[in-house]
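Here is the structure we will look at, set down as structure tokens.
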Protein chains: 4
Amino acid sequence: MYIDINCDMGESFGHFVIGQDEEMMKWITSANLACGFHAGDPSTIYQRVQLAKKYKVAVGAHPSLPDLVGFGRREMKLSPDQLYCDLIYQIGAVSGFARMAGLSLQHVKVHGALYNMANRDPMIAETIVNAISDFDPNLIVFGLSDGELLRMAEKKGLRIAREFFADRTYMDDGSLTPRNHKDALIDDPVLAAERVVRLIQERKVIALSGKEIPMEAETVCIHGDGPNALFFAMQIKQALEKEGIVLKSLIDQ
Amino acid sequence: MYIDINCDMGESFGHFVIGQDEEMMKWITSANLACGFHAGDPSTIYQRVQLAKKYKVAVGAHPSLPDLVGFGRREMKLSPDQLYCDLIYQIGAVSGFARMAGLSLQHVKVHGALYNMANRDPMIAETIVNAISDFDPNLIVFGLSDGELLRMAEKKGLRIAREFFADRTYMDDGSLTPRNHKDALIDDPVLAAERVVRLIQERKVIALSGKEIPMEAETVCIHGDGPNALFFAMQIKQALEKEGIVLKSLIDQ
Amino acid sequence: MYIDINCDMGESFGHFVIGQDEEMMKWITSANLACGFHAGDPSTIYQRVQLAKKYKVAVGAHPSLPDLVGFGRREMKLSPDQLYCDLIYQIGAVSGFARMAGLSLQHVKVHGALYNMANRDPMIAETIVNAISDFDPNLIVFGLSDGELLRMAEKKGLRIAREFFADRTYMDDGSLTPRNHKDALIDDPVLAAERVVRLIQERKVIALSGKEIPMEAETVCIHGDGPNALFFAMQIKQALEKEGIVLKSLIDQ
Amino acid sequence: MYIDINCDMGESFGHFVIGQDEEMMKWITSANLACGFHAGDPSTIYQRVQLAKKYKVAVGAHPSLPDLVGFGRREMKLSPDQLYCDLIYQIGAVSGFARMAGLSLQHVKVHGALYNMANRDPMIAETIVNAISDFDPNLIVFGLSDGELLRMAEKKGLRIAREFFADRTYMDDGSLTPRNHKDALIDDPVLAAERVVRLIQERKVIALSGKEIPMEAETVCIHGDGPNALFFAMQIKQALEKEGIVLKSLIDQ
């Protein structure tokens, strides 16, 4: 049994540092690299690609809306053409660093507000899928399991990876508990690790209501910032390995 | 006899428009595409690459220091690592658009203040050459004929293209007359065209002093903005063709 | 009879030039100065304030969403706190230049997407009005006559100025004909000037349907870019003066 | 005996957090507020001004070269006009927030590379002094005791405050030991506090050579980032108070 663990990386910007990327690289198999629009200046991208190579972590682009001060978390109304070109620009830039390190981009995971917009708006989803597919049809599209983005990606024949969020609870319909709900987040790494193990072994997750619901995922998303991110990541890796589950990036599966 | 004519392109930024790029594409053979740091947002890059394809113009990257408000014309002290990564980022971004249009990047011409810095500072020249060579050793380096950049590029085994400036006068030592000199610029397109013809046929140029000096160039730089840029470009093309000189990009020679 | 004529000014950014501001200053009485977020770098603001002083034009701030590449024309979801602070920052910056020239800011007119959002969303309108009022309760709020922004501004006791658009047609309910309608724009300066005269003399405008509708306005908005902006502005000024209508900024009325 | 303690504040940018500003406000008397060009988005400026008010800390502007990704630490060649306008813009923006909180700007301390350039280049120093003086001649200019900036500021009749760096060593001529020297920094808060006390009581500092040299300062600069910044600040405050030295901002002296 295999699973991929992905984490956002390179979300520093010049002197502004976010995350503990080198430490985090030890516990994951896929790195989503910020591309400069919400974070990730060129020097940061370069260094993170080198780290990914060192720790044998697969690299993907993590493009965003052009909103550095808002960290890509504010919805913006871009025209399809603008969005398409903004994605090509970002994926192209990160792709250059990857290629120079002898790596291929494995995947694209869109960031922040764009992630949410892509999951509910078919036109935005289509624009993103077109950009990814036109850039390189071998790129794997990361996204929410029941969202418009992955629906569109499958329709276009792209390989997809459904994300499971290790630190989030789920509703009975399989959607994420909204962030403003008091029980939206799982703080306990042991519990989170148990949930990931169950997901992989049984393809199930226990919803907030206590009900056991079916869940499919090819990649588990963990977060790299926050005070106990490293401990969280380590717990999950250890819990998985104890169960004989192998951590592998998707291109290696 | 062949000559390449290059021009800066895609120096618009969103709603801010500079140049008459589509018209200009008809008179040139190589387009230096702004990469987003001094001008050239993603949508502009996309459109200019499409235009270059339509008019069979070779494309190159025209990377800059990160200074949008200063249009890349103000010197900045970047560390070699920062400069290297800023270049990879920009070349990578433009390269993605080119590849998607079925084109390969032909060349890199650095922009503005960086152009000047590269010509006089060996360390900056070396950083630029390393970035270009590491990205793709087939890229042709455009630059000033007697500057540090081309010296370094040749040393590293890269193909170079020496630029002749059609609208500038030269000193006896082959250097450009400084811009603040009253006779630095040539406004008359007929005279400019004559100078280009002589350069190609005789490998000579008449310096400001009236003296005939030797001059070698593989590409002629013309400017795309200014009120009579199009007329200037057209005159040069016609004068060359009248003399049987063929306009060809460097990858086609 | 008095009328104010306002125009967006200072919408250049560094090397990127938009408009013919000095020429335009001769035909208007209020200048809406871009504040740096969609256009208007510090040097441009400085120069435009000096021009306004020279031509005795009242100055106002023209703040925007933070979106330079989109020229402030793309809707963004800012939190009320972010929007409030973005406005204070921009108004403060322009205010400093005005004060140094011995001028007071007369008004605030929000730009682009924010203008539209303010007219339809009471919460955004309230945030804008709070920012203006907290900065300086003597500032006049420019806006659409039947929009949320002016409704909120009046409620808070701020002086308002309803805008009439000289180059736009109106629907029977007094709203602007949407821009995508083929007859949304009025190209003929003579016709536009006639409409402005009628507005001032009769407080009426002829809607697209041919119906005469009531219309109130304290300021007429004209545009500074486009090929015949100057001719348009001149026509309006001359038509008004011929009718004995005096062009005066609001602080001079 | 009085002394002012200043610290850079508001050097976060949106989601990117630097420093522990609220904690730091407890130990200082003057806050140098980043103005948006190297750090300090509008929401951050707003919040820091509120904190300064809460902790009765005087506020000043901390303007920078326009280089967010380089944190204002890279030298750039601006024209005097550009620099002048960039300063007015930044001081104006911060000034608006201060005024709205019922505070007046006490001082201006230029940031990073501009601080160094101002100390050695008379033309840059003059431009800065002109901008400050034109904006508000009551502003106090913070700077290096023997630099061009304070020399020019005094010449123009502005009040100055010479800075002593609590965590830096000095050379025999009173200049700072260059940062690349192994003993440039003082890590020990107790030693640093002793040096500040001696400076105030005896107007002397012990240079790196062991020699006692004269030193004058009206304000002590401490740093707000780094792991033990708070402890450092607390030590200095306590050491000073133990000696009966009163911490007071300059406008309160």
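Residue numbering restarts at 1 for every chain of the structure tokens, chains are lettered A, B, ... in their displayed order, and ligands are numbered from 1 as they appear.
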* To do: Determine which residues of chain A sit within 7 Å of chain B, taking into account only C-alpha atoms, and present them as a PyMOL selection string.
  => chain A and resi 42-43+46+82+85-86+88-90+92-93+95-97+100+134-135
* List every residue of stretch 25-218 of chain B that DSSP, applied to the backbone, labels as strand (DSSP E), and write the result as a PyMOL selection string. => chain B and resi 30-34+58-62+105-108+140-144+160-165+204-206+212-214
Superimposed copy of chain A on chain B by least squares over C-alpha atoms, as a compact mmCIF listing (two decimals) with C-alpha atoms, in the first residue's frame:
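In the end it all went to part.txt:
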```txt
# COMPACT_ATOMS: atom_id res chain seq x y z
CA MET A 1 24.57 38.07 -46.73
CA TYR A 2 22.37 37.76 -43.66
CA ILE A 3 21.48 40.00 -40.76
CA ASP A 4 19.21 39.67 -37.75
CA ILE A 5 17.15 42.61 -36.56
CA ASN A 6 16.08 42.57 -32.93
CA CYS A 7 13.64 44.73 -31.03
CA ASP A 8 12.36 44.81 -27.45
CA MET A 9 8.78 43.57 -27.33
CA GLY A 10 6.05 42.97 -24.81
CA GLU A 11 7.02 45.98 -22.73
CA SER A 12 3.42 46.71 -21.88
CA PHE A 13 2.09 45.86 -18.42
CA GLY A 14 -1.59 45.11 -18.04
CA HIS A 15 -3.52 48.25 -18.96
CA PHE A 16 -0.27 50.18 -19.53
CA VAL A 17 0.63 49.95 -23.20
CA ILE A 18 4.06 50.61 -24.67
CA GLY A 19 4.98 50.16 -28.32
CA GLN A 20 3.11 48.97 -31.39
CA ASP A 21 4.23 45.41 -31.22
CA GLU A 22 2.13 43.82 -33.92
CA GLU A 23 3.17 46.40 -36.51
CA MET A 24 6.78 46.11 -35.44
CA MET A 25 6.82 42.33 -35.79
CA LYS A 26 6.60 42.82 -39.57
CA TRP A 27 10.04 44.42 -39.78
CA ILE A 28 12.17 42.39 -37.40
CA THR A 29 13.53 38.84 -37.09
CA SER A 30 14.15 38.51 -33.33
CA ALA A 31 11.89 39.70 -30.49
CA ASN A 32 13.30 40.34 -27.02
CA LEU A 33 10.36 39.58 -24.73
CA ALA A 34 10.01 41.41 -21.43
CA CYS A 35 9.58 38.83 -18.67
CA GLY A 36 7.52 40.59 -15.99
CA PHE A 37 10.18 42.30 -13.87
CA HIS A 38 10.38 45.67 -15.67
CA ALA A 39 7.35 45.12 -17.93
CA GLY A 40 5.54 42.22 -19.53
CA ASP A 41 2.68 40.73 -17.55
CA PRO A 42 1.74 37.13 -18.36
CA SER A 43 -1.06 38.03 -20.79
CA THR A 44 1.26 40.34 -22.70
CA ILE A 45 3.94 37.67 -22.95
CA TYR A 46 1.39 35.17 -24.23
CA GLN A 47 0.09 37.52 -26.90
CA ARG A 48 3.55 38.57 -28.06
CA VAL A 49 4.68 34.98 -28.39
CA GLN A 50 1.61 34.34 -30.56
CA LEU A 51 2.46 37.38 -32.68
CA ALA A 52 6.05 36.25 -33.05
CA LYS A 53 4.83 32.88 -34.24
CA LYS A 54 2.45 34.50 -36.71
CA TYR A 55 5.16 36.72 -38.19
CA LYS A 56 7.87 34.02 -37.99
CA VAL A 57 9.99 36.09 -35.64
CA ALA A 58 12.43 34.28 -33.33
CA VAL A 59 11.81 34.82 -29.61
CA GLY A 60 14.23 35.56 -26.81
CA ALA A 61 13.94 36.45 -23.14
CA HIS A 62 14.60 40.04 -22.09
CA PRO A 63 15.03 39.71 -18.31
CA SER A 64 15.54 42.66 -16.00
CA LEU A 65 16.27 43.74 -12.48
CA PRO A 66 13.10 43.57 -10.36
CA ASP A 67 12.03 47.21 -10.71
CA LEU A 68 8.69 47.77 -12.39
CA VAL A 69 8.28 51.41 -11.38
CA GLY A 70 11.80 52.19 -12.61
CA PHE A 71 11.35 50.10 -15.79
CA GLY A 72 14.55 48.21 -14.94
CA ARG A 73 16.61 51.29 -15.66
CA ARG A 74 17.95 51.88 -12.16
CA GLU A 75 21.02 50.04 -10.99
CA MET A 76 20.43 47.72 -8.02
CA LYS A 77 22.95 45.73 -6.03
CA LEU A 78 21.73 42.16 -6.11
CA SER A 79 23.79 39.31 -4.72
CA PRO A 80 25.00 36.89 -7.42
CA ASP A 81 22.57 34.28 -6.09
CA GLN A 82 19.63 36.66 -6.27
CA LEU A 83 20.54 37.76 -9.78
CA TYR A 84 21.05 34.17 -10.93
CA CYS A 85 17.66 33.09 -9.57
CA ASP A 86 15.86 36.19 -10.88
CA LEU A 87 17.17 35.35 -14.36
CA ILE A 88 16.19 31.67 -14.20
CA TYR A 89 12.72 32.65 -13.05
CA GLN A 90 12.20 35.09 -15.90
CA ILE A 91 13.73 32.95 -18.63
CA GLY A 92 11.73 29.97 -17.37
CA ALA A 93 8.47 31.87 -17.43
CA VAL A 94 8.93 33.14 -21.00
CA SER A 95 10.29 29.79 -22.09
CA GLY A 96 7.05 28.12 -21.03
CA PHE A 97 4.99 30.39 -23.28
CA ALA A 98 7.40 29.82 -26.17
CA ARG A 99 7.36 26.07 -25.83
CA MET A 100 3.57 26.02 -25.76
CA ALA A 101 3.54 27.91 -29.05
CA GLY A 102 5.88 25.32 -30.52
CA LEU A 103 8.83 27.69 -30.44
CA SER A 104 12.23 27.45 -28.78
CA LEU A 105 13.84 30.42 -27.11
CA GLN A 106 16.58 31.63 -29.42
CA HIS A 107 18.38 34.09 -27.20
CA VAL A 108 18.64 36.12 -24.03
CA LYS A 109 19.22 39.86 -23.99
CA VAL A 110 19.32 41.41 -20.55
CA HIS A 111 17.48 44.70 -20.12
CA GLY A 112 18.22 48.25 -19.13
CA ALA A 113 20.49 48.86 -16.16
CA LEU A 114 21.44 45.19 -16.09
CA TYR A 115 22.63 45.44 -19.71
CA ASN A 116 25.00 48.21 -18.75
CA MET A 117 26.15 46.54 -15.54
CA ALA A 118 26.83 43.29 -17.43
CA ASN A 119 29.04 45.07 -19.91
CA ARG A 120 31.37 46.56 -17.33
CA ASP A 121 31.30 44.18 -14.34
CA PRO A 122 32.88 40.74 -14.86
CA MET A 123 31.16 39.22 -11.82
CA ILE A 124 27.72 40.27 -13.00
CA ALA A 125 28.60 39.10 -16.50
CA GLU A 126 29.64 35.72 -15.13
CA THR A 127 26.45 35.34 -13.12
CA ILE A 128 24.33 36.10 -16.17
CA VAL A 129 26.30 33.72 -18.38
CA ASN A 130 26.02 30.97 -15.78
CA ALA A 131 22.27 31.41 -15.55
CA ILE A 132 21.84 31.32 -19.32
CA SER A 133 24.20 28.40 -19.76
CA ASP A 134 22.66 26.40 -16.92
CA PHE A 135 19.16 27.03 -18.25
CA ASP A 136 19.99 26.06 -21.82
CA PRO A 137 23.48 26.13 -23.35
CA ASN A 138 21.98 26.58 -26.81
CA LEU A 139 20.69 30.05 -25.99
CA ILE A 140 22.47 32.84 -27.87
CA VAL A 141 23.68 35.73 -25.71
CA PHE A 142 22.98 39.20 -27.13
CA GLY A 143 25.20 42.05 -25.99
CA LEU A 144 27.54 44.91 -26.64
CA SER A 145 30.43 43.90 -28.86
CA ASP A 146 33.27 44.87 -26.54
CA GLY A 147 31.62 44.25 -23.19
CA GLU A 148 32.31 41.85 -20.33
CA LEU A 149 29.10 39.92 -20.96
CA LEU A 150 30.01 38.66 -24.40
CA ARG A 151 33.62 38.12 -23.35
CA MET A 152 32.41 35.84 -20.56
CA ALA A 153 29.82 34.15 -22.79
CA GLU A 154 32.47 33.24 -25.36
CA LYS A 155 34.77 31.96 -22.63
CA LYS A 156 31.97 29.64 -21.45
CA GLY A 157 31.43 28.43 -24.99
CA LEU A 158 28.06 30.06 -25.59
CA ARG A 159 27.11 31.41 -28.99
CA ILE A 160 27.01 35.20 -28.97
CA ALA A 161 25.46 37.92 -31.10
CA ARG A 162 27.06 41.34 -31.08
CA GLU A 163 24.57 44.16 -31.33
CA PHE A 164 24.79 47.18 -33.57
CA PHE A 165 22.52 50.04 -32.61
CA ALA A 166 20.91 51.52 -35.69
CA ASP A 167 19.88 54.73 -33.98
CA ARG A 168 23.08 55.44 -32.06
CA THR A 169 26.42 57.02 -33.02
CA TYR A 170 29.77 55.53 -32.08
CA MET A 171 33.07 56.86 -30.77
CA ASP A 172 36.45 56.17 -32.36
CA ASP A 173 37.08 53.25 -29.99
CA GLY A 174 33.88 51.53 -31.10
CA SER A 175 31.91 52.36 -27.97
CA LEU A 176 28.53 54.04 -28.05
CA THR A 177 28.44 57.82 -27.78
CA PRO A 178 27.03 58.45 -24.31
CA ARG A 179 23.32 59.26 -24.35
CA ASN A 180 23.81 62.70 -22.84
CA HIS A 181 25.92 63.77 -25.85
CA LYS A 182 23.91 65.94 -28.25
CA ASP A 183 24.76 63.72 -31.20
CA ALA A 184 24.24 60.39 -29.46
CA LEU A 185 21.11 59.56 -31.42
CA ILE A 186 20.43 59.20 -35.13
CA ASP A 187 16.95 60.38 -35.97
CA ASP A 188 17.12 60.06 -39.73
CA PRO A 189 15.95 56.59 -40.80
CA VAL A 190 17.64 56.91 -44.20
CA LEU A 191 20.99 57.63 -42.63
CA ALA A 192 20.48 54.86 -40.09
CA ALA A 193 19.66 52.40 -42.87
CA GLU A 194 22.80 53.43 -44.78
CA ARG A 195 24.88 52.77 -41.70
CA VAL A 196 23.41 49.33 -41.25
CA VAL A 197 24.09 48.48 -44.91
CA ARG A 198 27.70 49.63 -44.62
CA LEU A 199 28.13 47.64 -41.42
CA ILE A 200 27.03 44.46 -43.13
CA GLN A 201 28.77 44.97 -46.45
CA GLU A 202 32.00 46.54 -45.24
CA ARG A 203 32.08 45.72 -41.52
CA LYS A 204 32.66 49.38 -40.87
CA VAL A 205 30.88 52.32 -39.30
CA ILE A 206 31.64 56.02 -39.49
CA ALA A 207 32.33 57.28 -36.01
CA LEU A 208 31.16 60.62 -34.70
CA SER A 209 34.56 62.08 -35.54
CA GLY A 210 34.06 61.14 -39.19
CA LYS A 211 36.64 58.39 -38.95
CA GLU A 212 35.79 55.01 -40.44
CA ILE A 213 36.16 52.30 -37.81
CA PRO A 214 35.83 48.51 -37.97
CA MET A 215 32.64 47.06 -36.48
CA GLU A 216 31.32 43.53 -36.23
CA ALA A 217 27.74 42.63 -35.46
CA GLU A 218 25.41 39.70 -35.88
CA THR A 219 22.26 41.57 -34.94
CA VAL A 220 20.95 45.10 -35.35
CA CYS A 221 18.95 46.57 -32.50
CA ILE A 222 16.06 48.89 -33.31
CA HIS A 223 13.56 50.45 -30.93
CA GLY A 224 9.85 49.82 -30.91
CA ASP A 225 8.60 52.88 -29.11
CA GLY A 226 8.79 56.50 -30.11
CA PRO A 227 6.70 58.28 -32.73
CA ASN A 228 8.55 57.10 -35.84
CA ALA A 229 9.69 53.66 -34.74
CA LEU A 230 7.70 51.91 -37.43
CA PHE A 231 8.94 54.17 -40.20
CA PHE A 232 12.48 53.69 -38.96
CA ALA A 233 12.11 49.90 -38.95
CA MET A 234 10.56 49.85 -42.40
CA GLN A 235 13.33 52.02 -43.87
CA ILE A 236 16.00 49.73 -42.54
CA LYS A 237 14.34 46.60 -43.84
CA GLN A 238 13.83 48.12 -47.27
CA ALA A 239 17.36 49.48 -47.49
CA LEU A 240 18.77 46.09 -46.60
CA GLU A 241 16.60 44.20 -49.05
CA LYS A 242 17.47 46.63 -51.83
CA GLU A 243 21.10 45.67 -51.28
CA GLY A 244 20.27 41.98 -51.38
CA ILE A 245 20.89 41.51 -47.68
CA VAL A 246 18.55 38.89 -46.26
CA LEU A 247 16.86 39.45 -42.90
CA LYS A 248 17.04 36.25 -40.93
CA SER A 249 16.95 35.38 -37.28
CA LEU A 250 20.08 33.74 -35.96
CA ILE A 251 18.59 30.27 -35.52
CA ASP A 252 17.63 30.36 -39.18
CA GLN A 253 21.12 31.32 -40.38
```
* Please, which residues of stretch 20-232 of chain B, numbered as in this document, come out alpha helix (DSSP H) from DSSP, as a PyMOL selection string? -> chain B and resi 21-25+42-54+80-100+112-120+122-135+148-155+189-202+229-232
